[in-house]
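Presented below is the structure to which this report refers.
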Amino acid sequence: MSRMSPMSPTAKRIVIDPVTRIEGHAKISLFLDDAGNVADAEFHVVEFRGFEKFCEGRPYGEMPGITPRICGICPVSHLLASAKAGDAIMAVNIPPTADKLRRLMNLGQIVQSHALSFFHLSAPDFLLGWETPQPQRNVFGLIGSNKDLARAGIRLRQFGQEIIEILGGQKVHPAWAVPGGVRSGLSPEGRERIRLWLPEAYATTEAALALWKKTMETHQREVQIFGNFPSLFMGLVAEDGTWEHHGGKLRFTDSSGSIIADQLDPQKYYEVIGESVQTSSYLKSPYYLPMGFPAGIYRVGPLARLNVCERMGVPKADAELKLFKKLGRGAVTSSFLYHYARLIEIMASLEYIERYMSDSEIMGDYLRADAGINNLRGVGASEAPRGTLFHDYTVDRNGLLKKVNLIVATGQNNLAMNQTVAQIARHYIKSGAGNGTIPEPLLNRVEHGIRCYDPCLSCSTHAVGQMPMHVQLIAPDGSVVSEVTRG
Amino acid sequence: MAAKTLTIDGKPITAEEGATVLQAADEAGIKIPTLCHLDGVYDVGACRLCLVEVTGVAKLLPACTTRVAEGMEVKTDSERLRKYRRITLELLFAERNHVCAVCVANGHCELQTLAYSQGMDHVRYEYLFPKWGVDTTHRLFGMDHNRCVLCTRCVRVCWHVEGAGTKNVAGRGTRSHIITDLAMPWGESDSCTQCGKCVQACPTGALFHKGSTTGEMERDRGKLEFIVTAREKKQWVTAD
Ligand code: SF4
Ligand code: SF4
Ligand code: FES
């Protein structure tokens with residue numbers, strides 16, 4: 001992918017700022033070439049960057065308490081990755097019960113996060129239509145038009161949250177997962193609450209899958225242009241290639257579906273993942289090292305996980321995976337199908353949760369291994385709902401942090417998001433866009449292109465209602481040719 | 001011993017000669033906020049949270065080190081006292097780096113509890129943001145100077161209950177800090193017996209068991225008092 005436009009002296013720039021219903025404040029620049037066509041796009045993510053420095057000098061065991069506060073969107077993912085990095089520093093195998101409990105929490109997190117993404121944030125777009133005016137194109141609009149579905153979606157999210165709460169005590173909890181294991185077990189009452197809720201969760205997921213299949217029929221164009229391009233995919237898989245979410249090893253596949261690297265130890269992620277720092281964005285853009293930057297662009301998250309795995313390991317989700325895999329020649333390359341992948345992962349999560357409900361080991365009370373500092377560097381890798389998350393800690397012999405490196409899903413998908421936005425914009429803005437009129441439906445589609453990745457931006461309050469969008473057309477000399485402000 | 005009669009908050013009270021106002025109030029069921037006071041060791045009057053008003057004395061006096069006297073009139077609660085307690089607390093918070101949300105003592109911290117109970121909702125002073133380190137060289141315990149309020153409870157239990165004399169205070173003013181032996185890493189201390197009494201004594205998250213995570217440091221203060229009482233009353237000496 002070439003970053004040509006901003007350097008080109010005659011390039012024009014369209015800035016869309018901020019994006020609505022993405023959880024946080026973001027900004028999009030569209031770079032036009034001399035002919036007025038979209039050459040490239042950039043999605044600016046403003047991330048809190050002082051964090052890694054802030055942790056230096058702290059005992060590594062505090063990290064599961066600190067890191068969930070990096071991001072209000074996926075605290076559970078940071079909690080789990082952080083505890084795992086601690087396990088690696090202690091060089092322990094955590095008790096089997098603790099491993100299952102952490103997995104149960106991660107499954108709860110996947111359900112709640114994917115339900116939020118699908119029902120609250122994305123469904124209003126493709127169910128209510130791109131042309132629906134902003135004020136109605138949100139979850140309340142969805143409740144108005146599709147009451148049962150919206151309500152069921154909200155309940156499904158609550159189910160995931162309930163699991164997290166049953167285990168962790170509160171929605172945004174202090175360190176429940178800790179280096180060596182977890183702090184408390186699953187109570188019989190908690191298990192019963194989960195068990196009783198499962199049938200309803202299955203029913204909602206099945207309804208959503210049926211609905212999705214109809215949506216795909218009517219949205220062929222979106223499948224074609226919402227981020228449909230070749231790239232690598234990365235995710236954790238089990239030793240036999242089964243879908244993973246909290247253990248396993250890294251696998252990369254290409255867009256033909258061929259495995260190009262497999263069973264890579266996440267402890268040594270830095271041997272295969274490079275990080276390029278984009279000056280214009282605050283986000284680090286990781287890439288597959290052997291292929292260099294930017295050729296080594298890869299996607300993570302639900303779409304990638306389903307592309308890299310051979311099976312889900314549970315029957316209902318496996319039946320869906322078969323249908324899913326038919327949507328691509330080799331890999332499924334359209335980012336619009338992240339939505340489908342999310343639903344399949346919800347289904348798989350429910351099936352795994354159900355398995356745990358009759359697993360006696362999960363009720364155990366040996367929960368925490370103990371050890372001193374046995375490794376001076378430890379990496380915790382876990383599949384966050386949005387993609388593989390790495391916590392990489394270097395400590396001194398007394399366990400005080402010397403260096404912290406975090407690789408988050410949104411960073412890894414950053415390059416793909418740029419390509420997606422560019423692809424959509426290219427389709428809707430033809431030469432002559434310099435006249436400054438950018439139609440609302442285009443903005444909606446660009447927003448949605450990004451929403452396919454469900455990026456974890458800082459604040460979740462934008463799920464409802466209209467956020468102002470600011471579109472600027474900037475002439476080569478930097479002056480604003482024209483401006484569109486929405487909201 | 002002669003008894004003294006006095007009033008605390010208007011309540012007539014009899015206390016033993018030599019007792020502190022804090023003890024007298026405690027026996028009468030009147031709660032005075034404290035931080036550096038710890039049952040089982042002598043008082044030093046370091047934190048000034050227990051300040052009370054005594055009729056006829058212009059300045060405020062620490063209840064923990066002021067002895068009862070005949071006819072004394074003590075007030076433990078007034079606008080003025082509340083104001084000073086707030087100031088004292090705010091200064092304690094401004095002096096070091098307290099991030100309760102991720103602290104090992106969160107929910108079990110005497111400083112935090114005091115801040116809540118005194119209605120401290122913000123700090124009016126500029127934070128000093130000093131650069132203090134964490135000592136995790138000890139096999140069992142850790143010390144985070146960022147959370148230390150210099151109450152010296154750890155020093156006192158170390159010298160006067162355990163008798164090891166490992167902990168001490170060094171430096172002046174805002175550079176005052178707790179040291180082990182001759183300011184060496186705790187893990188290298190020869191005198192430390194690893195008894196953990198200092199960890200039990202600490203009111204904040206400054207001293208902790210290694211490996212503790214957010215909110216996990218709960219202490220059993222009763223233990224210290226139990227040891228001291230047993231020793232003083234010779235409860236461990238068999239009768240013959
Ligand atoms: S020691 Fe107490 S006041 Fe200080 S950070 Fe910890 S909980 Fe908060
Ligand atoms: S370490 Fe704890 S007990 Fe010792 S002086 Fe500091 S706050 Fe007090
Ligand atoms: S308790 Fe009296 S001065 Fe600290």
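Going by the structure tokens order, chains are called A, B, ..., each with residues numbered from 1, while ligands are numbered from 1 in the order shown.
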
**Q.** Residue neighbourhood His108 in chain B, 10 Å, only C-alpha atoms, exclusion window fewer than 6 positions, as a PyMOL selection string
**A.** chain B and resi 203-205+215-219

May I have the selected residues written with all heavy atoms, as a compact mmCIF listing (two decimals), in the first residue's frame?
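Now in selection_12.txt:
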```txt
# COMPACT_ATOMS: atom_id res chain seq x y z
N PRO B 203 -0.76 1.36 57.54
CA PRO B 203 -2.16 1.74 57.32
C PRO B 203 -2.53 1.86 55.84
O PRO B 203 -3.71 1.93 55.50
CB PRO B 203 -2.25 3.12 57.98
CG PRO B 203 -0.88 3.67 57.89
CD PRO B 203 0.07 2.49 57.98
N THR B 204 -1.53 1.92 54.97
CA THR B 204 -1.80 2.17 53.54
C THR B 204 -1.29 1.01 52.71
O THR B 204 -0.97 -0.04 53.23
CB THR B 204 -1.07 3.46 53.08
OG1 THR B 204 0.33 3.19 53.09
CG2 THR B 204 -1.37 4.64 53.97
N GLY B 205 -1.16 1.26 51.43
CA GLY B 205 -0.65 0.23 50.52
C GLY B 205 0.86 0.28 50.38
O GLY B 205 1.41 -0.34 49.46
N GLY B 215 -6.35 -4.24 45.67
CA GLY B 215 -7.29 -4.44 46.77
C GLY B 215 -7.07 -5.70 47.58
O GLY B 215 -7.92 -6.07 48.39
N GLU B 216 -5.93 -6.36 47.39
CA GLU B 216 -5.76 -7.65 48.06
C GLU B 216 -5.11 -7.54 49.43
O GLU B 216 -5.06 -8.54 50.16
CB GLU B 216 -4.91 -8.58 47.19
CG GLU B 216 -5.72 -9.57 46.42
CD GLU B 216 -4.85 -10.61 45.74
OE1 GLU B 216 -3.84 -10.25 45.13
OE2 GLU B 216 -5.20 -11.78 45.82
N MET B 217 -4.57 -6.39 49.77
CA MET B 217 -3.88 -6.27 51.06
C MET B 217 -4.86 -5.96 52.18
O MET B 217 -5.19 -4.82 52.46
CB MET B 217 -2.81 -5.17 50.99
CG MET B 217 -1.45 -5.65 50.53
SD MET B 217 -0.85 -7.14 51.39
CE MET B 217 -0.69 -6.56 53.05
N GLU B 218 -5.32 -7.02 52.82
CA GLU B 218 -6.15 -6.84 54.00
C GLU B 218 -5.27 -7.21 55.18
O GLU B 218 -4.55 -8.19 55.12
CB GLU B 218 -7.35 -7.78 53.95
CG GLU B 218 -8.54 -7.17 53.27
CD GLU B 218 -9.76 -8.06 53.37
OE1 GLU B 218 -10.47 -7.97 54.39
OE2 GLU B 218 -9.96 -8.85 52.44
N ARG B 219 -5.34 -6.42 56.25
CA ARG B 219 -4.43 -6.72 57.36
C ARG B 219 -5.18 -7.13 58.59
O ARG B 219 -6.34 -6.80 58.77
CB ARG B 219 -3.57 -5.49 57.66
CG ARG B 219 -2.71 -5.16 56.46
CD ARG B 219 -2.15 -3.77 56.56
NE ARG B 219 -2.20 -3.14 55.24
CZ ARG B 219 -1.15 -2.97 54.46
NH1 ARG B 219 0.03 -3.35 54.85
NH2 ARG B 219 -1.28 -2.40 53.29
```

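All chain B residues having an atom within 9 Å of chain A, based on only C-alpha atoms, amount to Ala101, Val102, Cys103, Val104, Gly133, Val134, Asp135, Thr136, Thr137, His138, Arg139, Asp144, Lys210, Gly211, Ser212, Thr213, Thr214 and Gly215 of chain B.
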
Q. Near range 66-77 of chain B, within 12 Å and counting only C-alpha atoms, which residues show up once chain neighbours fewer than 3 positions away are dropped, as a PyMOL selection string?
A. chain B and resi 2-26+30-34+43-45+48-57+60-63+80-85+118

Q: Once DSSP has gone over the backbone, tell me which residues of range 7-227 of chain B are in helix (DSSP H, G or I), as a ChimeraX atom specification.
A: /B:21-27,79-95,100-102,110-117,145-147,153-162,173-175,186-188,197-201,222-227

I need the chosen residues saved as an mmCIF file, in the first residue's frame, with C-alpha atoms.
```cif
data_model
loop_
_atom_site.group_PDB
_atom_site.id
_atom_site.type_symbol
_atom_site.label_atom_id
_atom_site.label_comp_id
_atom_site.auth_asym_id
_atom_site.auth_seq_id
_atom_site.Cartn_x
_atom_site.Cartn_y
_atom_site.Cartn_z
ATOM 1 C CA VAL B 21 -7.167 11.750 75.639
ATOM 2 C CA LEU B 22 -7.450 9.240 72.805
ATOM 3 C CA GLN B 23 -7.668 6.323 75.228
ATOM 4 C CA ALA B 24 -10.165 8.146 77.410
ATOM 5 C CA ALA B 25 -12.326 8.985 74.413
ATOM 6 C CA ASP B 26 -12.088 5.456 73.121
ATOM 7 C CA GLU B 27 -13.255 4.022 76.426
ATOM 8 C CA GLU B 79 -15.812 23.311 62.207
ATOM 9 C CA ARG B 80 -12.210 24.209 62.941
ATOM 10 C CA LEU B 81 -11.153 20.614 63.594
ATOM 11 C CA ARG B 82 -12.876 19.372 60.481
ATOM 12 C CA LYS B 83 -11.096 22.029 58.469
ATOM 13 C CA TYR B 84 -7.693 21.033 59.797
ATOM 14 C CA ARG B 85 -8.314 17.345 59.295
ATOM 15 C CA ARG B 86 -9.218 17.994 55.695
ATOM 16 C CA ILE B 87 -6.074 20.054 55.199
ATOM 17 C CA THR B 88 -3.923 17.355 56.770
ATOM 18 C CA LEU B 89 -5.429 14.674 54.567
ATOM 19 C CA GLU B 90 -5.136 16.703 51.413
ATOM 20 C CA LEU B 91 -1.482 17.377 52.152
ATOM 21 C CA LEU B 92 -0.872 13.683 52.695
ATOM 22 C CA PHE B 93 -2.358 12.893 49.313
ATOM 23 C CA ALA B 94 -0.510 15.713 47.578
ATOM 24 C CA GLU B 95 2.814 14.641 49.027
ATOM 25 C CA CYS B 100 -6.312 4.118 44.823
ATOM 26 C CA ALA B 101 -8.004 2.427 41.875
ATOM 27 C CA VAL B 102 -5.012 0.199 41.241
ATOM 28 C CA GLU B 110 -6.861 3.702 56.497
ATOM 29 C CA LEU B 111 -5.882 6.798 54.552
ATOM 30 C CA GLN B 112 -8.558 6.194 51.957
ATOM 31 C CA THR B 113 -11.152 5.463 54.642
ATOM 32 C CA LEU B 114 -10.257 8.686 56.434
ATOM 33 C CA ALA B 115 -10.547 10.650 53.219
ATOM 34 C CA TYR B 116 -14.031 9.244 52.673
ATOM 35 C CA SER B 117 -15.148 9.779 56.243
ATOM 36 C CA HIS B 145 7.348 4.649 48.860
ATOM 37 C CA ASN B 146 4.768 6.337 46.669
ATOM 38 C CA ARG B 147 2.072 5.334 49.143
ATOM 39 C CA ARG B 153 4.032 2.524 62.510
ATOM 40 C CA CYS B 154 6.311 0.063 60.711
ATOM 41 C CA VAL B 155 9.365 1.499 62.436
ATOM 42 C CA ARG B 156 7.774 1.273 65.852
ATOM 43 C CA VAL B 157 6.572 -2.306 65.527
ATOM 44 C CA CYS B 158 9.919 -3.312 64.078
ATOM 45 C CA TRP B 159 11.849 -1.869 67.020
ATOM 46 C CA HIS B 160 9.460 -2.308 69.878
ATOM 47 C CA VAL B 161 7.409 -5.376 69.137
ATOM 48 C CA GLU B 162 9.755 -7.489 67.052
ATOM 49 C CA GLY B 173 11.130 17.291 54.879
ATOM 50 C CA THR B 174 9.587 15.919 51.729
ATOM 51 C CA ARG B 175 12.662 13.735 51.260
ATOM 52 C CA TRP B 186 15.235 -4.637 51.999
ATOM 53 C CA GLY B 187 16.249 -7.982 50.551
ATOM 54 C CA GLU B 188 19.823 -7.402 51.667
ATOM 55 C CA LYS B 197 4.827 -7.139 61.513
ATOM 56 C CA CYS B 198 5.548 -3.936 59.622
ATOM 57 C CA VAL B 199 3.318 -5.150 56.802
ATOM 58 C CA GLN B 200 0.536 -5.813 59.313
ATOM 59 C CA ALA B 201 1.065 -2.375 60.847
ATOM 60 C CA GLY B 222 -5.561 -7.589 66.006
ATOM 61 C CA LYS B 223 -2.495 -9.783 65.773
ATOM 62 C CA LEU B 224 -0.109 -7.068 66.893
ATOM 63 C CA GLU B 225 -2.219 -6.113 69.855
ATOM 64 C CA PHE B 226 -2.566 -9.778 70.738
ATOM 65 C CA ILE B 227 1.199 -10.262 70.802
#
```

Q: Report as a PyMOL selection string: the residues of range 13-209 of chain B with a DSSP assignment of strand (DSSP E or B), based on the backbone of this structure.
A: chain B and resi 13-16+20+51-54+61-62+67+73-75+134-135+141-144+167-170+177-180+207-209

Could the residues in this selection be saved with N, CA and C atoms as a compact mmCIF listing (two decimals), in the first residue's frame?
```txt
# COMPACT_ATOMS: atom_id res chain seq x y z
N ILE B 13 -16.37 12.18 82.02
CA ILE B 13 -15.61 10.94 81.85
C ILE B 13 -14.58 10.81 82.97
N THR B 14 -14.36 9.58 83.41
CA THR B 14 -13.29 9.33 84.36
C THR B 14 -12.23 8.51 83.64
N ALA B 15 -10.99 8.95 83.78
CA ALA B 15 -9.91 8.21 83.13
C ALA B 15 -8.75 8.06 84.09
N GLU B 16 -7.97 7.02 83.88
CA GLU B 16 -6.80 6.80 84.74
C GLU B 16 -5.77 7.88 84.50
N THR B 20 -4.08 8.73 77.77
CA THR B 20 -4.16 9.80 76.77
C THR B 20 -5.62 10.15 76.53
N LEU B 51 -6.11 15.65 66.18
CA LEU B 51 -6.16 16.93 66.88
C LEU B 51 -7.53 17.17 67.54
N VAL B 52 -7.47 17.71 68.77
CA VAL B 52 -8.71 18.07 69.47
C VAL B 52 -8.55 19.48 70.05
N GLU B 53 -9.68 20.06 70.42
CA GLU B 53 -9.66 21.37 71.07
C GLU B 53 -9.74 21.15 72.57
N VAL B 54 -8.91 21.86 73.33
CA VAL B 54 -8.98 21.80 74.79
C VAL B 54 -9.23 23.22 75.30
N LEU B 61 -4.43 20.19 70.05
CA LEU B 61 -3.53 19.18 70.63
C LEU B 61 -3.84 17.80 70.07
N PRO B 62 -2.80 17.00 69.81
CA PRO B 62 -3.04 15.63 69.35
C PRO B 62 -3.57 14.76 70.49
N ARG B 67 -2.03 13.88 77.60
CA ARG B 67 -2.51 13.13 78.78
C ARG B 67 -3.75 13.82 79.36
N GLU B 73 -11.56 20.09 79.51
CA GLU B 73 -12.74 20.08 78.63
C GLU B 73 -12.26 19.89 77.20
N VAL B 74 -12.62 18.74 76.63
CA VAL B 74 -12.11 18.39 75.30
C VAL B 74 -13.25 18.41 74.28
N LYS B 75 -12.92 18.94 73.11
CA LYS B 75 -13.89 18.90 72.01
C LYS B 75 -13.25 18.14 70.85
N VAL B 134 9.87 1.57 44.12
CA VAL B 134 9.27 0.43 44.82
C VAL B 134 10.41 -0.53 45.13
N ASP B 135 10.47 -0.99 46.37
CA ASP B 135 11.51 -1.95 46.74
C ASP B 135 10.88 -3.35 46.83
N PHE B 141 8.11 -9.50 51.02
CA PHE B 141 7.37 -8.24 51.13
C PHE B 141 7.87 -7.19 50.15
N GLY B 142 7.01 -6.21 49.91
CA GLY B 142 7.40 -5.09 49.06
C GLY B 142 7.09 -3.79 49.76
N MET B 143 7.80 -2.73 49.36
CA MET B 143 7.55 -1.40 49.92
C MET B 143 7.45 -0.42 48.76
N ASP B 144 6.31 0.25 48.68
CA ASP B 144 6.12 1.27 47.66
C ASP B 144 6.11 2.64 48.34
N LYS B 167 13.80 -1.20 60.43
CA LYS B 167 13.21 -0.03 59.75
C LYS B 167 13.58 1.25 60.47
N ASN B 168 13.77 2.28 59.68
CA ASN B 168 14.11 3.57 60.23
C ASN B 168 13.66 4.68 59.29
N VAL B 169 13.78 5.92 59.76
CA VAL B 169 13.42 7.05 58.91
C VAL B 169 14.70 7.79 58.54
N ALA B 170 14.83 8.14 57.28
CA ALA B 170 15.99 8.92 56.84
C ALA B 170 15.50 10.13 56.07
N HIS B 177 12.03 9.46 54.30
CA HIS B 177 11.53 8.19 53.82
C HIS B 177 11.97 7.06 54.73
N ILE B 178 11.27 5.96 54.57
CA ILE B 178 11.56 4.79 55.40
C ILE B 178 12.72 4.02 54.77
N ILE B 179 13.66 3.62 55.61
CA ILE B 179 14.78 2.82 55.09
C ILE B 179 14.86 1.50 55.85
N THR B 180 15.61 0.56 55.28
CA THR B 180 15.90 -0.68 56.01
C THR B 180 17.39 -0.70 56.28
N LEU B 207 3.30 -0.90 52.38
CA LEU B 207 3.92 -2.20 52.63
C LEU B 207 2.92 -3.28 52.23
N PHE B 208 3.42 -4.28 51.55
CA PHE B 208 2.49 -5.31 51.06
C PHE B 208 3.18 -6.65 50.92
N HIS B 209 2.38 -7.67 50.88
CA HIS B 209 2.89 -9.00 50.58
C HIS B 209 3.15 -9.06 49.08
```

So which residues touch Cys47 in chain B within 7 Å, counting only C-alpha atoms, skipping near sequence neighbours fewer than 5 positions away, as a PDB file with N, CA and C atoms, in the first residue's frame?
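Output file selection_7.pdb follows:
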```
ATOM      1  N   LEU B  35      -4.340   8.163  62.457  1.00  0.00           N
ATOM      2  CA  LEU B  35      -3.644   7.470  61.375  1.00  0.00           C
ATOM      3  C   LEU B  35      -2.323   6.867  61.871  1.00  0.00           C
ATOM      4  N   CYS B  36      -1.526   7.671  62.598  1.00  0.00           N
ATOM      5  CA  CYS B  36      -0.239   7.119  63.030  1.00  0.00           C
ATOM      6  C   CYS B  36      -0.382   6.299  64.307  1.00  0.00           C
ATOM      7  N   CYS B 151       3.961   7.504  58.777  1.00  0.00           N
ATOM      8  CA  CYS B 151       3.349   7.410  60.097  1.00  0.00           C
ATOM      9  C   CYS B 151       4.308   6.739  61.090  1.00  0.00           C
TER      10      CYS B 151
END
```

Residues within 12 Å of Ala238 in chain A, only C-alpha atoms, excluding chain neighbours under 6 positions, as a PDB file with C-alpha atoms, in the first residue's frame:
```pdb
ATOM      1  CA  GLU A 244      -8.625 -20.634  19.766  1.00  0.00           C
ATOM      2  CA  HIS A 245      -9.350 -17.599  21.886  1.00  0.00           C
ATOM      3  CA  HIS A 246      -7.079 -17.735  24.877  1.00  0.00           C
ATOM      4  CA  GLY A 247      -4.361 -20.341  24.284  1.00  0.00           C
ATOM      5  CA  GLY A 248      -2.670 -21.916  21.309  1.00  0.00           C
ATOM      6  CA  LYS A 249      -0.098 -20.565  18.910  1.00  0.00           C
ATOM      7  CA  LEU A 250      -0.048 -17.964  16.169  1.00  0.00           C
ATOM      8  CA  ARG A 251      -0.874 -18.766  12.589  1.00  0.00           C
ATOM      9  CA  ASP A 262       2.155 -21.789  11.814  1.00  0.00           C
ATOM     10  CA  GLN A 263       2.496 -22.680  15.479  1.00  0.00           C
ATOM     11  CA  LEU A 264       4.565 -19.603  16.226  1.00  0.00           C
ATOM     12  CA  ASP A 265       5.136 -19.131  19.913  1.00  0.00           C
ATOM     13  CA  ARG A 305      -9.661 -16.079  13.274  1.00  0.00           C
ATOM     14  CA  VAL A 308      -6.885 -19.133   9.973  1.00  0.00           C
ATOM     15  CA  CYS A 309      -8.691 -21.941  11.777  1.00  0.00           C
ATOM     16  CA  GLU A 310      -9.791 -25.225  10.245  1.00  0.00           C
ATOM     17  CA  ARG A 311     -12.728 -25.838  12.526  1.00  0.00           C
ATOM     18  CA  MET A 312     -14.490 -24.244  15.467  1.00  0.00           C
ATOM     19  CA  GLY A 313     -14.494 -27.466  17.448  1.00  0.00           C
TER      20      GLY A 313
END
```

Q: Give the answer as one residue: which of B:Thr65, B:Asn106, B:Ser78, B:Thr229 has the shortest atom-to-atom distance to ligand 1, using only C-alpha atoms and all ligand atoms?
A: B:Asn106
